[in-house]
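Next comes work.cif, a file with mmCIF, C-alpha atoms (C1' of nucleotides).
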```
data_run
#
loop_
_atom_site.label_atom_id
_atom_site.label_comp_id
_atom_site.auth_asym_id
_atom_site.auth_seq_id
_atom_site.Cartn_x
_atom_site.Cartn_y
_atom_site.Cartn_z
CA MET T 227 -11.09 131.70 -19.31
CA TYR T 228 -7.81 133.12 -20.49
CA TYR T 229 -5.77 132.12 -17.53
CA ASP T 230 -3.10 129.56 -17.37
CA HIS T 231 -2.56 126.57 -15.17
CA ARG T 232 1.21 126.58 -14.77
CA MET T 233 2.90 126.18 -11.46
CA THR T 234 3.12 129.88 -10.74
CA PRO T 235 0.44 131.70 -12.70
CA LEU T 236 0.98 135.29 -13.61
CA THR T 237 -0.98 137.79 -11.60
CA LEU T 238 -2.86 138.64 -14.80
CA ASP T 239 -3.94 135.00 -15.07
CA ARG T 240 -5.27 135.15 -11.53
CA LEU T 241 -7.25 138.26 -12.32
CA LEU T 242 -8.83 136.65 -15.36
CA GLN T 243 -9.57 133.51 -13.38
CA ILE T 244 -11.48 135.58 -10.85
CA GLY T 245 -13.74 137.02 -13.52
CA ASP T 246 -14.46 133.59 -14.95
CA LEU T 247 -15.20 132.03 -11.59
CA PHE T 248 -17.61 134.85 -10.81
CA ARG T 249 -19.44 134.49 -14.10
CA ARG T 250 -19.68 130.74 -13.78
CA ASP T 251 -21.01 131.01 -10.27
CA MET T 252 -23.64 133.49 -11.39
CA GLU T 253 -24.75 131.19 -14.19
CA ARG T 254 -25.06 128.34 -11.73
CA ALA T 255 -26.94 130.46 -9.21
CA PHE T 256 -29.54 131.46 -11.81
CA ALA T 257 -29.76 128.15 -13.64
CA GLY T 258 -33.38 127.21 -14.26
CA THR T 259 -34.57 130.81 -14.06
CA ALA T 260 -34.94 133.41 -16.80
CA LEU T 261 -31.88 135.25 -15.52
CA THR T 262 -28.50 135.20 -17.20
CA PRO T 263 -25.33 137.22 -16.56
CA ALA T 264 -26.16 139.73 -19.31
CA ARG T 265 -29.71 140.22 -18.03
CA VAL T 266 -28.58 140.54 -14.42
CA HIS T 267 -26.03 143.10 -15.46
CA LEU T 268 -28.73 145.11 -17.17
CA LEU T 269 -30.91 144.91 -14.06
CA TRP T 270 -27.89 146.07 -12.07
CA VAL T 271 -27.47 149.09 -14.31
CA VAL T 272 -31.15 150.03 -14.07
CA HIS T 273 -31.07 149.48 -10.31
CA HIS T 274 -28.28 152.00 -9.93
CA ALA T 275 -29.21 154.47 -12.67
CA GLY T 276 -32.93 154.53 -12.01
CA PRO T 277 -35.55 154.67 -14.78
CA SER T 278 -33.68 155.03 -18.06
CA THR T 279 -34.25 155.05 -21.79
CA GLN T 280 -33.03 152.09 -23.79
CA ARG T 281 -30.56 154.35 -25.47
CA GLU T 282 -29.03 155.23 -22.12
CA LEU T 283 -28.90 151.59 -21.10
CA ALA T 284 -27.14 150.64 -24.34
CA GLU T 285 -24.55 153.31 -23.62
CA ALA T 286 -24.10 152.24 -19.99
CA CYS T 287 -23.78 148.55 -20.90
CA GLY T 288 -21.51 149.19 -23.86
CA VAL T 289 -23.73 147.21 -26.25
CA SER T 290 -25.92 148.05 -29.23
CA PRO T 291 -29.43 149.45 -28.74
CA ARG T 292 -30.76 146.39 -30.54
CA ASN T 293 -29.19 144.15 -27.94
CA ILE T 294 -30.95 146.05 -25.16
CA THR T 295 -34.28 145.45 -26.91
CA GLY T 296 -33.73 141.70 -26.76
CA LEU T 297 -32.56 141.65 -23.15
CA LEU T 298 -35.51 143.79 -22.07
CA ASP T 299 -37.99 141.63 -23.98
CA ALA T 300 -36.83 138.68 -21.87
CA LEU T 301 -36.79 140.68 -18.63
CA GLU T 302 -40.28 141.99 -19.31
CA ARG T 303 -41.57 138.48 -19.97
CA SER T 304 -40.02 137.28 -16.71
CA GLY T 305 -41.56 140.17 -14.80
CA HIS T 306 -38.36 141.97 -13.84
CA VAL T 307 -38.88 145.22 -15.72
CA ARG T 308 -41.63 147.31 -17.25
CA ARG T 309 -41.44 149.68 -20.19
CA VAL T 310 -43.41 152.82 -19.43
CA PRO T 311 -43.99 155.81 -21.73
CA HIS T 312 -41.43 158.57 -21.57
CA PRO T 313 -43.17 161.65 -20.18
CA SER T 314 -41.84 164.11 -22.76
CA ASP T 315 -40.62 162.07 -25.74
CA ARG T 316 -43.14 159.79 -27.36
CA ARG T 317 -40.40 157.95 -29.27
CA ALA T 318 -38.73 156.78 -26.10
CA VAL T 319 -39.64 154.50 -23.23
CA LEU T 320 -38.52 154.49 -19.64
CA VAL T 321 -37.36 151.17 -18.26
CA ARG T 322 -38.25 150.57 -14.62
CA LEU T 323 -37.64 147.62 -12.31
CA THR T 324 -40.72 145.94 -10.92
CA ASP T 325 -41.11 145.87 -7.14
CA ASP T 326 -40.01 142.24 -7.08
CA ALA T 327 -36.91 143.08 -9.07
CA VAL T 328 -36.06 146.00 -6.80
CA ALA T 329 -36.24 143.68 -3.82
CA MET T 330 -34.11 141.08 -5.59
CA MET T 331 -31.47 143.59 -6.62
CA SER T 332 -31.28 144.97 -3.09
CA ARG T 333 -30.61 141.49 -1.79
CA MET T 334 -28.06 140.94 -4.52
CA GLN T 335 -26.27 144.14 -3.67
CA ILE T 336 -25.91 142.99 -0.08
CA GLU T 337 -24.64 139.58 -1.19
CA HIS T 338 -22.21 141.31 -3.53
CA ALA T 339 -20.79 143.36 -0.67
CA ASP T 340 -20.65 140.25 1.51
CA LEU T 341 -18.68 138.43 -1.17
CA ASP T 342 -16.33 141.39 -1.48
CA GLU T 343 -15.70 141.16 2.24
CA ALA T 344 -15.31 137.38 2.17
CA LEU T 345 -12.69 137.63 -0.55
CA LEU T 346 -10.74 140.43 1.10
CA SER T 347 -10.71 138.53 4.35
CA ALA T 348 -8.46 136.02 2.58
CA VAL T 349 -5.79 138.73 2.51
CA ALA T 350 -3.43 139.28 5.43
CA PRO T 351 -5.00 142.10 7.46
CA ASP T 352 -1.91 144.28 7.41
CA GLU T 353 -1.70 143.97 3.62
CA ARG T 354 -5.34 144.54 2.86
CA ALA T 355 -5.11 148.27 2.24
CA ALA T 356 -2.18 147.79 -0.10
CA VAL T 357 -4.04 145.07 -2.00
CA GLU T 358 -7.12 147.25 -2.43
CA ARG T 359 -4.99 150.14 -3.66
CA GLY T 360 -3.04 147.84 -5.95
CA ILE T 361 -6.09 146.30 -7.58
CA ALA T 362 -7.58 149.74 -8.18
CA ALA T 363 -4.29 150.90 -9.69
CA ILE T 364 -4.15 147.85 -11.98
CA ALA T 365 -7.72 148.40 -13.15
CA GLU T 366 -7.03 152.04 -13.90
CA ARG T 367 -3.82 151.24 -15.73
CA LEU T 368 -5.56 148.62 -17.86
CA GLU T 369 -8.34 151.06 -18.65
CA VAL T 370 -5.76 153.53 -19.94
CA LEU T 371 -3.95 150.89 -21.99
CA VAL T 372 -7.17 149.63 -23.56
CA ALA T 373 -8.35 153.17 -24.32
CA ARG T 374 -5.02 153.86 -26.01
CA ALA T 375 -5.22 150.64 -28.02
CA GLU T 376 -8.70 151.63 -29.15
CA GLY T 377 -7.29 154.91 -30.38
CA ARG T 378 -9.16 157.09 -27.94
CA PRO T 379 -6.37 158.33 -25.67
CA SER T 380 -8.03 158.81 -22.33
CA MET Q 203 -19.54 143.68 -17.09
CA TYR Q 204 -20.76 143.29 -13.58
CA TYR Q 205 -18.94 146.16 -12.06
CA ASP Q 206 -20.34 149.30 -10.74
CA HIS Q 207 -19.57 152.91 -11.40
CA ARG Q 208 -20.08 154.45 -7.98
CA MET Q 209 -17.61 156.82 -6.47
CA THR Q 210 -15.68 154.15 -4.60
CA PRO Q 211 -16.20 150.80 -6.31
CA LEU Q 212 -15.81 147.64 -4.31
CA THR Q 213 -12.63 145.73 -4.90
CA LEU Q 214 -14.75 142.95 -6.37
CA ASP Q 215 -16.12 145.41 -8.94
CA ARG Q 216 -12.57 146.35 -9.89
CA LEU Q 217 -11.67 142.71 -10.37
CA LEU Q 218 -14.64 142.12 -12.63
CA GLN Q 219 -13.87 145.29 -14.56
CA ILE Q 220 -10.37 143.98 -15.26
CA GLY Q 221 -11.73 140.80 -16.79
CA ASP Q 222 -14.13 142.72 -19.01
CA LEU Q 223 -11.52 145.16 -20.19
CA PHE Q 224 -9.22 142.29 -21.08
CA ARG Q 225 -11.89 140.48 -23.06
CA ARG Q 226 -12.94 143.60 -24.88
CA ASP Q 227 -9.36 144.39 -25.79
CA MET Q 228 -8.85 140.89 -27.13
CA GLU Q 229 -11.98 141.16 -29.25
CA ARG Q 230 -10.75 144.44 -30.67
CA ALA Q 231 -7.27 143.07 -31.31
CA PHE Q 232 -8.65 140.14 -33.33
CA ALA Q 233 -11.49 141.98 -35.07
CA GLY Q 234 -11.56 141.12 -38.75
CA THR Q 235 -9.77 137.80 -38.24
CA ALA Q 236 -11.20 134.36 -37.58
CA LEU Q 237 -10.05 134.54 -33.96
CA THR Q 238 -12.36 135.15 -31.03
CA PRO Q 239 -11.78 134.95 -27.27
CA ALA Q 240 -13.15 131.41 -27.05
CA ARG Q 241 -11.01 130.21 -29.96
CA VAL Q 242 -7.89 131.92 -28.65
CA HIS Q 243 -8.46 130.33 -25.28
CA LEU Q 244 -8.66 126.93 -26.91
CA LEU Q 245 -5.42 127.62 -28.81
CA TRP Q 246 -3.88 128.65 -25.51
CA VAL Q 247 -4.89 125.38 -23.91
CA VAL Q 248 -3.50 123.32 -26.79
CA HIS Q 249 -0.33 125.41 -26.77
CA HIS Q 250 0.30 124.56 -23.14
CA ALA Q 251 -1.06 121.01 -23.03
CA GLY Q 252 0.40 119.83 -26.32
CA PRO Q 253 -1.45 117.54 -28.74
CA SER Q 254 -4.71 116.56 -27.05
CA THR Q 255 -7.94 114.72 -27.73
CA GLN Q 256 -11.11 116.76 -28.02
CA ARG Q 257 -12.34 115.08 -24.88
CA GLU Q 258 -9.33 116.40 -22.97
CA LEU Q 259 -9.80 119.87 -24.40
CA ALA Q 260 -13.45 119.94 -23.39
CA GLU Q 261 -12.40 119.03 -19.87
CA ALA Q 262 -9.65 121.64 -19.76
CA CYS Q 263 -11.89 124.39 -21.14
CA GLY Q 264 -14.82 123.45 -18.94
CA VAL Q 265 -17.21 123.21 -21.91
CA SER Q 266 -19.08 120.41 -23.65
CA PRO Q 267 -17.34 118.16 -26.19
CA ARG Q 268 -19.82 119.38 -28.77
CA ASN Q 269 -18.64 122.91 -28.24
CA ILE Q 270 -15.03 121.89 -28.87
CA THR Q 271 -16.07 120.37 -32.19
CA GLY Q 272 -17.44 123.73 -33.33
CA LEU Q 273 -14.46 125.76 -32.14
CA LEU Q 274 -12.04 123.35 -33.80
CA ASP Q 275 -13.99 123.37 -37.06
CA ALA Q 276 -13.44 127.12 -37.21
CA LEU Q 277 -9.79 126.90 -36.16
CA GLU Q 278 -9.12 124.21 -38.73
CA ARG Q 279 -10.72 126.32 -41.46
CA SER Q 280 -8.57 129.28 -40.46
CA GLY Q 281 -5.41 127.16 -40.48
CA HIS Q 282 -4.62 127.29 -36.77
CA VAL Q 283 -5.00 123.62 -35.90
CA ARG Q 284 -4.99 120.21 -37.54
CA ARG Q 285 -6.83 117.08 -36.47
CA VAL Q 286 -4.54 114.08 -36.82
CA PRO Q 287 -5.38 110.42 -36.14
CA HIS Q 288 -4.80 109.21 -32.62
CA PRO Q 289 -2.02 106.61 -32.76
CA SER Q 290 -3.74 104.02 -30.59
CA ASP Q 291 -7.45 104.87 -30.48
CA ARG Q 292 -9.20 105.06 -33.81
CA ARG Q 293 -12.22 106.80 -32.28
CA ALA Q 294 -10.18 109.79 -31.15
CA VAL Q 295 -8.22 112.52 -32.88
CA LEU Q 296 -5.23 114.49 -31.70
CA VAL Q 297 -5.48 118.24 -32.05
CA ARG Q 298 -2.20 119.96 -32.94
CA LEU Q 299 -1.34 123.61 -33.57
CA THR Q 300 0.01 124.41 -37.01
CA ASP Q 301 3.48 125.94 -37.21
CA ASP Q 302 1.96 129.36 -37.80
CA ALA Q 303 -0.24 129.00 -34.75
CA VAL Q 304 2.69 127.90 -32.60
CA ALA Q 305 4.58 131.01 -33.64
CA MET Q 306 1.55 133.18 -32.95
CA MET Q 307 0.93 131.68 -29.53
CA SER Q 308 4.59 132.14 -28.59
CA ARG Q 309 4.34 135.82 -29.45
CA MET Q 310 1.09 136.05 -27.55
CA GLN Q 311 2.63 134.49 -24.48
CA ILE Q 312 5.35 137.12 -24.49
CA GLU Q 313 2.82 139.91 -24.90
CA HIS Q 314 0.80 138.41 -22.07
CA ALA Q 315 3.80 138.49 -19.76
CA ASP Q 316 4.57 142.04 -20.89
CA LEU Q 317 1.04 143.12 -20.03
CA ASP Q 318 1.32 141.45 -16.65
CA GLU Q 319 4.45 143.49 -16.01
CA ALA Q 320 2.88 146.70 -17.32
CA LEU Q 321 -0.07 146.29 -14.97
CA LEU Q 322 2.00 145.45 -11.93
CA SER Q 323 4.23 148.44 -12.56
CA ALA Q 324 1.17 150.56 -11.72
CA VAL Q 325 1.51 149.32 -8.14
CA ALA Q 326 3.82 151.01 -5.64
CA PRO Q 327 7.06 148.99 -5.73
CA ASP Q 328 7.10 148.35 -1.99
CA GLU Q 329 3.53 147.02 -2.13
CA ARG Q 330 3.89 144.87 -5.21
CA ALA Q 331 4.68 141.63 -3.40
CA ALA Q 332 1.71 142.09 -1.08
CA VAL Q 333 -0.59 142.81 -4.02
CA GLU Q 334 0.55 139.69 -5.88
CA ARG Q 335 0.03 137.58 -2.77
CA GLY Q 336 -3.33 139.19 -2.11
CA ILE Q 337 -4.67 138.61 -5.61
CA ALA Q 338 -3.59 134.98 -5.49
CA ALA Q 339 -5.27 134.59 -2.10
CA ILE Q 340 -8.48 136.13 -3.40
CA ALA Q 341 -8.52 133.86 -6.44
CA GLU Q 342 -8.00 130.81 -4.28
CA ARG Q 343 -10.67 131.86 -1.83
CA LEU Q 344 -13.16 132.43 -4.63
CA GLU Q 345 -12.32 129.05 -6.12
CA VAL Q 346 -13.15 127.43 -2.79
CA LEU Q 347 -16.38 129.36 -2.40
CA VAL Q 348 -17.53 128.50 -5.91
CA ALA Q 349 -16.64 124.84 -5.50
CA ARG Q 350 -18.64 124.77 -2.29
CA ALA Q 351 -21.61 126.46 -3.94
CA GLU Q 352 -21.47 123.89 -6.73
CA GLY Q 353 -21.67 121.16 -4.13
CA ARG Q 354 -18.23 119.74 -4.75
CA PRO Q 355 -16.38 120.74 -1.60
CA SER Q 356 -12.79 121.19 -2.72
"C1'" DT V 100 -21.48 98.20 -22.51
"C1'" DA V 101 -18.76 102.49 -22.47
"C1'" DT V 102 -16.40 106.14 -24.91
"C1'" DT V 103 -15.13 109.58 -28.90
"C1'" DG V 104 -16.74 112.66 -31.73
"C1'" DT V 105 -20.52 114.26 -34.81
"C1'" DT V 106 -25.31 115.53 -36.43
"C1'" DA V 107 -29.58 117.71 -34.95
"C1'" DT V 108 -31.77 121.19 -32.45
"C1'" DA V 109 -32.27 125.14 -29.60
"C1'" DC V 110 -31.27 129.27 -26.79
"C1'" DT V 111 -28.49 133.38 -25.59
"C1'" DC V 112 -25.57 137.26 -26.71
"C1'" DT V 113 -24.02 140.08 -29.98
"C1'" DA V 114 -23.77 143.08 -34.35
"C1'" DT V 115 -25.27 145.80 -38.61
"C1'" DA V 116 -28.77 147.53 -41.65
"C1'" DA V 117 -33.28 148.89 -42.88
"C1'" DC V 118 -37.58 150.65 -41.22
"C1'" DT V 119 -41.30 153.32 -38.28
"C1'" DA V 120 -42.65 156.74 -35.43
"C1'" DT V 121 -41.53 160.75 -33.53
"C1'" DA V 122 -38.62 165.10 -32.66
"C1'" DT U 18 -32.81 165.72 -40.93
"C1'" DA U 19 -31.86 163.30 -36.65
"C1'" DT U 20 -33.15 160.22 -32.95
"C1'" DA U 21 -35.56 156.04 -30.28
"C1'" DG U 22 -36.67 151.75 -30.79
"C1'" DT U 23 -37.99 147.60 -33.58
"C1'" DT U 24 -37.89 144.11 -37.40
"C1'" DA U 25 -34.75 141.37 -40.24
"C1'" DT U 26 -30.77 138.83 -40.64
"C1'" DA U 27 -26.54 136.76 -39.27
"C1'" DG U 28 -22.66 134.84 -36.60
"C1'" DA U 29 -20.65 133.06 -32.35
"C1'" DG U 30 -20.88 130.49 -28.00
"C1'" DT U 31 -23.14 127.36 -25.40
"C1'" DA U 32 -26.08 123.15 -24.08
"C1'" DT U 33 -28.55 118.50 -24.41
"C1'" DA U 34 -29.84 114.41 -26.89
"C1'" DA U 35 -29.44 110.96 -30.38
"C1'" DC U 36 -26.29 108.55 -33.24
"C1'" DA U 37 -22.01 106.31 -35.48
"C1'" DA U 38 -17.73 104.12 -35.01
"C1'" DT U 39 -14.66 102.09 -32.08
"C1'" DA U 40 -12.98 100.24 -27.60
#
```

Before anything else, please render the file you have as structure tokens.
Amino acid sequence: MYYDHRMTPLTLDRLLQIGDLFRRDMERAFAGTALTPARVHLLWVVHHAGPSTQRELAEACGVSPRNITGLLDALERSGHVRRVPHPSDRRAVLVRLTDDAVAMMSRMQIEHADLDEALLSAVAPDERAAVERGIAAIAERLEVLVARAEGRPS
Amino acid sequence: MYYDHRMTPLTLDRLLQIGDLFRRDMERAFAGTALTPARVHLLWVVHHAGPSTQRELAEACGVSPRNITGLLDALERSGHVRRVPHPSDRRAVLVRLTDDAVAMMSRMQIEHADLDEALLSAVAPDERAAVERGIAAIAERLEVLVARAEGRPS
DNA sequence: TATTGTTATACTCTATAACTATA
DNA sequence: TATAGTTATAGAGTATAACAATA
């Protein structure tokens, strides 16, 4: 929560507020279950990438391999993923969603798209295309600025 | 990181990506110091609210009072805040920024506004007003949806 | 009796470093 | 020698519950 509560918040504050609201809502939605935002994100990555090694998942999530081990331990206990042997590399494992998890992620993907639509419907119809373009442009600009600050000019 | 990497990401994915990029950049910027995103956010709240009780800060940050105790312990050790006696309630303390922290937060506020401008300058000038309106509308809509989901119809 | 903040405890997310088993 | 994943260790953020001092 890095946003401000002044009379007229900066657009950047609004953008940060959106991320926080989303995360908080996800935590609430999964309260009492084994799922957390980090674990759901990992499921999301596996859902879209298909069976993957832990190394690949660490890369895709932008976290350390060790962190993936811990998240997967929890997701395996809760029955959302299985670790199966890699067919050609006995060091590695392939992470797969269970059938239940596949069904859950499919539902979640639909809800995600529904939420996207519900949010965009708050925009004036004749401005919607501009808003979608603008948000994409802002995200891309920020990506460039962050990459530059990290010293890897993209 | 709840966004997707498909060819044409949903606008919602872009919005979540923006929040993650911002947080990651802040972590990088403060690496090696005592500051973290949660602590900076707390400084930000104190900077804007003025001297406050821990109870008030917990409310403003949306976290437990116990959590504020821990964040303030670290910020006091690092010389960013002081706890001073409350003038009329001997149970409570007033949290104040140190002079150094005030100076730092003032600089940060300027940088924050500069970043806001840098991001919006990525938007076509004739669409900028629509994009600002649209993002505000999306944030407000999401706030309503989350409040409803939490069972406190706003 | 209610409130402010702390101590006690616990869980999650995260990281680095050292180690094992394989390549 | 390099890579995939785990064990060991540690720090940060978060929560609830029990407690002290004060209101």

**Message:** Quick check: residues of chain T within 8 Å of chain V, all atoms listed in the file, returned as number ranges by chain.
**Reply:** T: 264, 290, 293, 315-317

Writing out the chosen residues with C-alpha atoms as an mmCIF file, keeping the file's coordinate frame:
```cif
data_model
loop_
_atom_site.group_PDB
_atom_site.id
_atom_site.type_symbol
_atom_site.label_atom_id
_atom_site.label_comp_id
_atom_site.auth_asym_id
_atom_site.auth_seq_id
_atom_site.Cartn_x
_atom_site.Cartn_y
_atom_site.Cartn_z
ATOM 1 C CA ALA T 264 -26.160 139.730 -19.310
ATOM 2 C CA SER T 290 -25.920 148.050 -29.230
ATOM 3 C CA ASN T 293 -29.190 144.150 -27.940
ATOM 4 C CA ASP T 315 -40.620 162.070 -25.740
ATOM 5 C CA ARG T 316 -43.140 159.790 -27.360
ATOM 6 C CA ARG T 317 -40.400 157.950 -29.270
#
```

**Residues of chain Q within 7 Å of chain T, counting only C-alpha atoms, as a ChimeraX atom specification** = /Q:203-204,212-214,216-218,220-221,223,227,243,318,321-322,324-325,329,332-334,336-341,343-345,348

Result of fitting chain Q to chain T over every paired C-alpha, as a short mmCIF file (atom, residue, chain, number, x, y, z; two decimals) with C-alpha atoms, in the coordinates of the input:
```cif
data_model
loop_
_atom_site.label_atom_id
_atom_site.label_comp_id
_atom_site.auth_asym_id
_atom_site.auth_seq_id
_atom_site.Cartn_x
_atom_site.Cartn_y
_atom_site.Cartn_z
CA MET Q 203 -11.15 131.63 -19.32
CA TYR Q 204 -7.86 133.03 -20.43
CA TYR Q 205 -5.83 132.01 -17.48
CA ASP Q 206 -3.15 129.49 -17.33
CA HIS Q 207 -2.55 126.53 -15.11
CA ARG Q 208 1.21 126.57 -14.75
CA MET Q 209 2.90 126.20 -11.43
CA THR Q 210 3.14 129.92 -10.75
CA PRO Q 211 0.46 131.73 -12.74
CA LEU Q 212 0.98 135.34 -13.66
CA THR Q 213 -0.98 137.82 -11.65
CA LEU Q 214 -2.87 138.68 -14.82
CA ASP Q 215 -3.94 135.03 -15.12
CA ARG Q 216 -5.25 135.16 -11.56
CA LEU Q 217 -7.25 138.27 -12.33
CA LEU Q 218 -8.83 136.67 -15.37
CA GLN Q 219 -9.55 133.51 -13.40
CA ILE Q 220 -11.46 135.57 -10.84
CA GLY Q 221 -13.72 137.01 -13.51
CA ASP Q 222 -14.45 133.58 -14.95
CA LEU Q 223 -15.19 132.03 -11.60
CA PHE Q 224 -17.59 134.84 -10.80
CA ARG Q 225 -19.44 134.48 -14.08
CA ARG Q 226 -19.67 130.73 -13.77
CA ASP Q 227 -21.00 131.01 -10.24
CA MET Q 228 -23.63 133.49 -11.35
CA GLU Q 229 -24.73 131.18 -14.16
CA ARG Q 230 -25.05 128.33 -11.70
CA ALA Q 231 -26.93 130.46 -9.18
CA PHE Q 232 -29.53 131.47 -11.78
CA ALA Q 233 -29.76 128.15 -13.63
CA GLY Q 234 -33.38 127.23 -14.24
CA THR Q 235 -34.57 130.83 -14.03
CA ALA Q 236 -34.95 133.42 -16.77
CA LEU Q 237 -31.89 135.27 -15.49
CA THR Q 238 -28.50 135.20 -17.17
CA PRO Q 239 -25.33 137.22 -16.56
CA ALA Q 240 -26.16 139.71 -19.31
CA ARG Q 241 -29.70 140.22 -18.03
CA VAL Q 242 -28.59 140.54 -14.42
CA HIS Q 243 -26.03 143.10 -15.46
CA LEU Q 244 -28.73 145.11 -17.19
CA LEU Q 245 -30.91 144.91 -14.06
CA TRP Q 246 -27.90 146.07 -12.07
CA VAL Q 247 -27.47 149.08 -14.32
CA VAL Q 248 -31.15 150.03 -14.08
CA HIS Q 249 -31.06 149.49 -10.33
CA HIS Q 250 -28.26 152.01 -9.96
CA ALA Q 251 -29.19 154.46 -12.71
CA GLY Q 252 -32.92 154.54 -12.05
CA PRO Q 253 -35.53 154.68 -14.82
CA SER Q 254 -33.65 155.01 -18.10
CA THR Q 255 -34.22 155.03 -21.83
CA GLN Q 256 -33.00 152.06 -23.83
CA ARG Q 257 -30.53 154.35 -25.51
CA GLU Q 258 -29.00 155.22 -22.14
CA LEU Q 259 -28.87 151.57 -21.14
CA ALA Q 260 -27.11 150.61 -24.35
CA GLU Q 261 -24.53 153.28 -23.63
CA ALA Q 262 -24.07 152.20 -20.02
CA CYS Q 263 -23.77 148.51 -20.92
CA GLY Q 264 -21.48 149.16 -23.87
CA VAL Q 265 -23.70 147.18 -26.26
CA SER Q 266 -25.90 148.03 -29.23
CA PRO Q 267 -29.42 149.41 -28.75
CA ARG Q 268 -30.72 146.36 -30.58
CA ASN Q 269 -29.18 144.13 -27.97
CA ILE Q 270 -30.95 146.03 -25.19
CA THR Q 271 -34.27 145.44 -26.93
CA GLY Q 272 -33.72 141.68 -26.77
CA LEU Q 273 -32.56 141.64 -23.16
CA LEU Q 274 -35.50 143.79 -22.09
CA ASP Q 275 -37.98 141.63 -23.99
CA ALA Q 276 -36.83 138.69 -21.89
CA LEU Q 277 -36.80 140.68 -18.65
CA GLU Q 278 -40.27 142.01 -19.32
CA ARG Q 279 -41.57 138.50 -19.98
CA SER Q 280 -40.04 137.30 -16.72
CA GLY Q 281 -41.57 140.20 -14.79
CA HIS Q 282 -38.37 142.00 -13.85
CA VAL Q 283 -38.88 145.25 -15.73
CA ARG Q 284 -41.64 147.34 -17.26
CA ARG Q 285 -41.44 149.69 -20.22
CA VAL Q 286 -43.40 152.85 -19.47
CA PRO Q 287 -43.97 155.83 -21.77
CA HIS Q 288 -41.40 158.58 -21.60
CA PRO Q 289 -43.13 161.68 -20.22
CA SER Q 290 -41.77 164.11 -22.79
CA ASP Q 291 -40.51 162.09 -25.76
CA ARG Q 292 -43.03 159.84 -27.41
CA ARG Q 293 -40.32 157.96 -29.31
CA ALA Q 294 -38.64 156.75 -26.13
CA VAL Q 295 -39.61 154.48 -23.27
CA LEU Q 296 -38.49 154.49 -19.67
CA VAL Q 297 -37.34 151.17 -18.30
CA ARG Q 298 -38.23 150.58 -14.64
CA LEU Q 299 -37.62 147.63 -12.33
CA THR Q 300 -40.71 145.97 -10.92
CA ASP Q 301 -41.10 145.91 -7.15
CA ASP Q 302 -40.00 142.29 -7.07
CA ALA Q 303 -36.90 143.10 -9.07
CA VAL Q 304 -36.04 146.02 -6.80
CA ALA Q 305 -36.23 143.72 -3.81
CA MET Q 306 -34.11 141.12 -5.57
CA MET Q 307 -31.46 143.61 -6.62
CA SER Q 308 -31.27 145.00 -3.08
CA ARG Q 309 -30.61 141.51 -1.76
CA MET Q 310 -28.08 140.95 -4.50
CA GLN Q 311 -26.25 144.14 -3.64
CA ILE Q 312 -25.89 142.98 -0.06
CA GLU Q 313 -24.63 139.58 -1.15
CA HIS Q 314 -22.20 141.30 -3.49
CA ALA Q 315 -20.77 143.35 -0.64
CA ASP Q 316 -20.63 140.23 1.53
CA LEU Q 317 -18.65 138.41 -1.15
CA ASP Q 318 -16.30 141.36 -1.46
CA GLU Q 319 -15.67 141.12 2.27
CA ALA Q 320 -15.28 137.34 2.18
CA LEU Q 321 -12.66 137.61 -0.55
CA LEU Q 322 -10.71 140.39 1.09
CA SER Q 323 -10.66 138.49 4.36
CA ALA Q 324 -8.41 135.98 2.56
CA VAL Q 325 -5.74 138.69 2.49
CA ALA Q 326 -3.38 139.25 5.42
CA PRO Q 327 -4.95 142.06 7.47
CA ASP Q 328 -1.84 144.23 7.40
CA GLU Q 329 -1.66 143.94 3.60
CA ARG Q 330 -5.32 144.50 2.86
CA ALA Q 331 -5.09 148.24 2.26
CA ALA Q 332 -2.16 147.77 -0.11
CA VAL Q 333 -4.01 145.05 -2.01
CA GLU Q 334 -7.11 147.22 -2.41
CA ARG Q 335 -5.00 150.11 -3.65
CA GLY Q 336 -3.04 147.84 -5.95
CA ILE Q 337 -6.10 146.29 -7.57
CA ALA Q 338 -7.60 149.72 -8.16
CA ALA Q 339 -4.32 150.90 -9.68
CA ILE Q 340 -4.18 147.88 -11.97
CA ALA Q 341 -7.76 148.40 -13.13
CA GLU Q 342 -7.08 152.04 -13.87
CA ARG Q 343 -3.88 151.26 -15.71
CA LEU Q 344 -5.62 148.65 -17.84
CA GLU Q 345 -8.42 151.09 -18.61
CA VAL Q 346 -5.85 153.56 -19.90
CA LEU Q 347 -4.05 150.95 -21.96
CA VAL Q 348 -7.26 149.70 -23.53
CA ALA Q 349 -8.47 153.21 -24.29
CA ARG Q 350 -5.16 153.93 -25.97
CA ALA Q 351 -5.34 150.73 -27.99
CA GLU Q 352 -8.84 151.67 -29.10
CA GLY Q 353 -7.49 154.97 -30.34
CA ARG Q 354 -9.36 157.14 -27.88
CA PRO Q 355 -6.57 158.37 -25.64
CA SER Q 356 -8.22 158.84 -22.26
#
```

For the PyMOL selection byres ((chain U) within 7 of (chain Q)), applied here, can you spell out every residue it catches as a short mmCIF file (atom, residue, chain, number, x, y, z; two decimals) with C-alpha atoms (C1' of nucleotides), in the coordinates of the input?
```cif
data_model
loop_
_atom_site.label_atom_id
_atom_site.label_comp_id
_atom_site.auth_asym_id
_atom_site.auth_seq_id
_atom_site.Cartn_x
_atom_site.Cartn_y
_atom_site.Cartn_z
"C1'" DT U 31 -23.14 127.36 -25.40
"C1'" DA U 38 -17.73 104.12 -35.01
"C1'" DT U 39 -14.66 102.09 -32.08
#
```

**Request:** Determine, counting all atoms listed in the file, which protein, DNA and RNA residues have an atom within 10 Å of an atom of Q:Ala303; residues of the same chain fewer than 6 positions away are not included. Present the result as a list in words.
**Result:** Leu245, Trp246, His249, Leu277, Gly281, His282, Val283 and Arg309 of chain Q
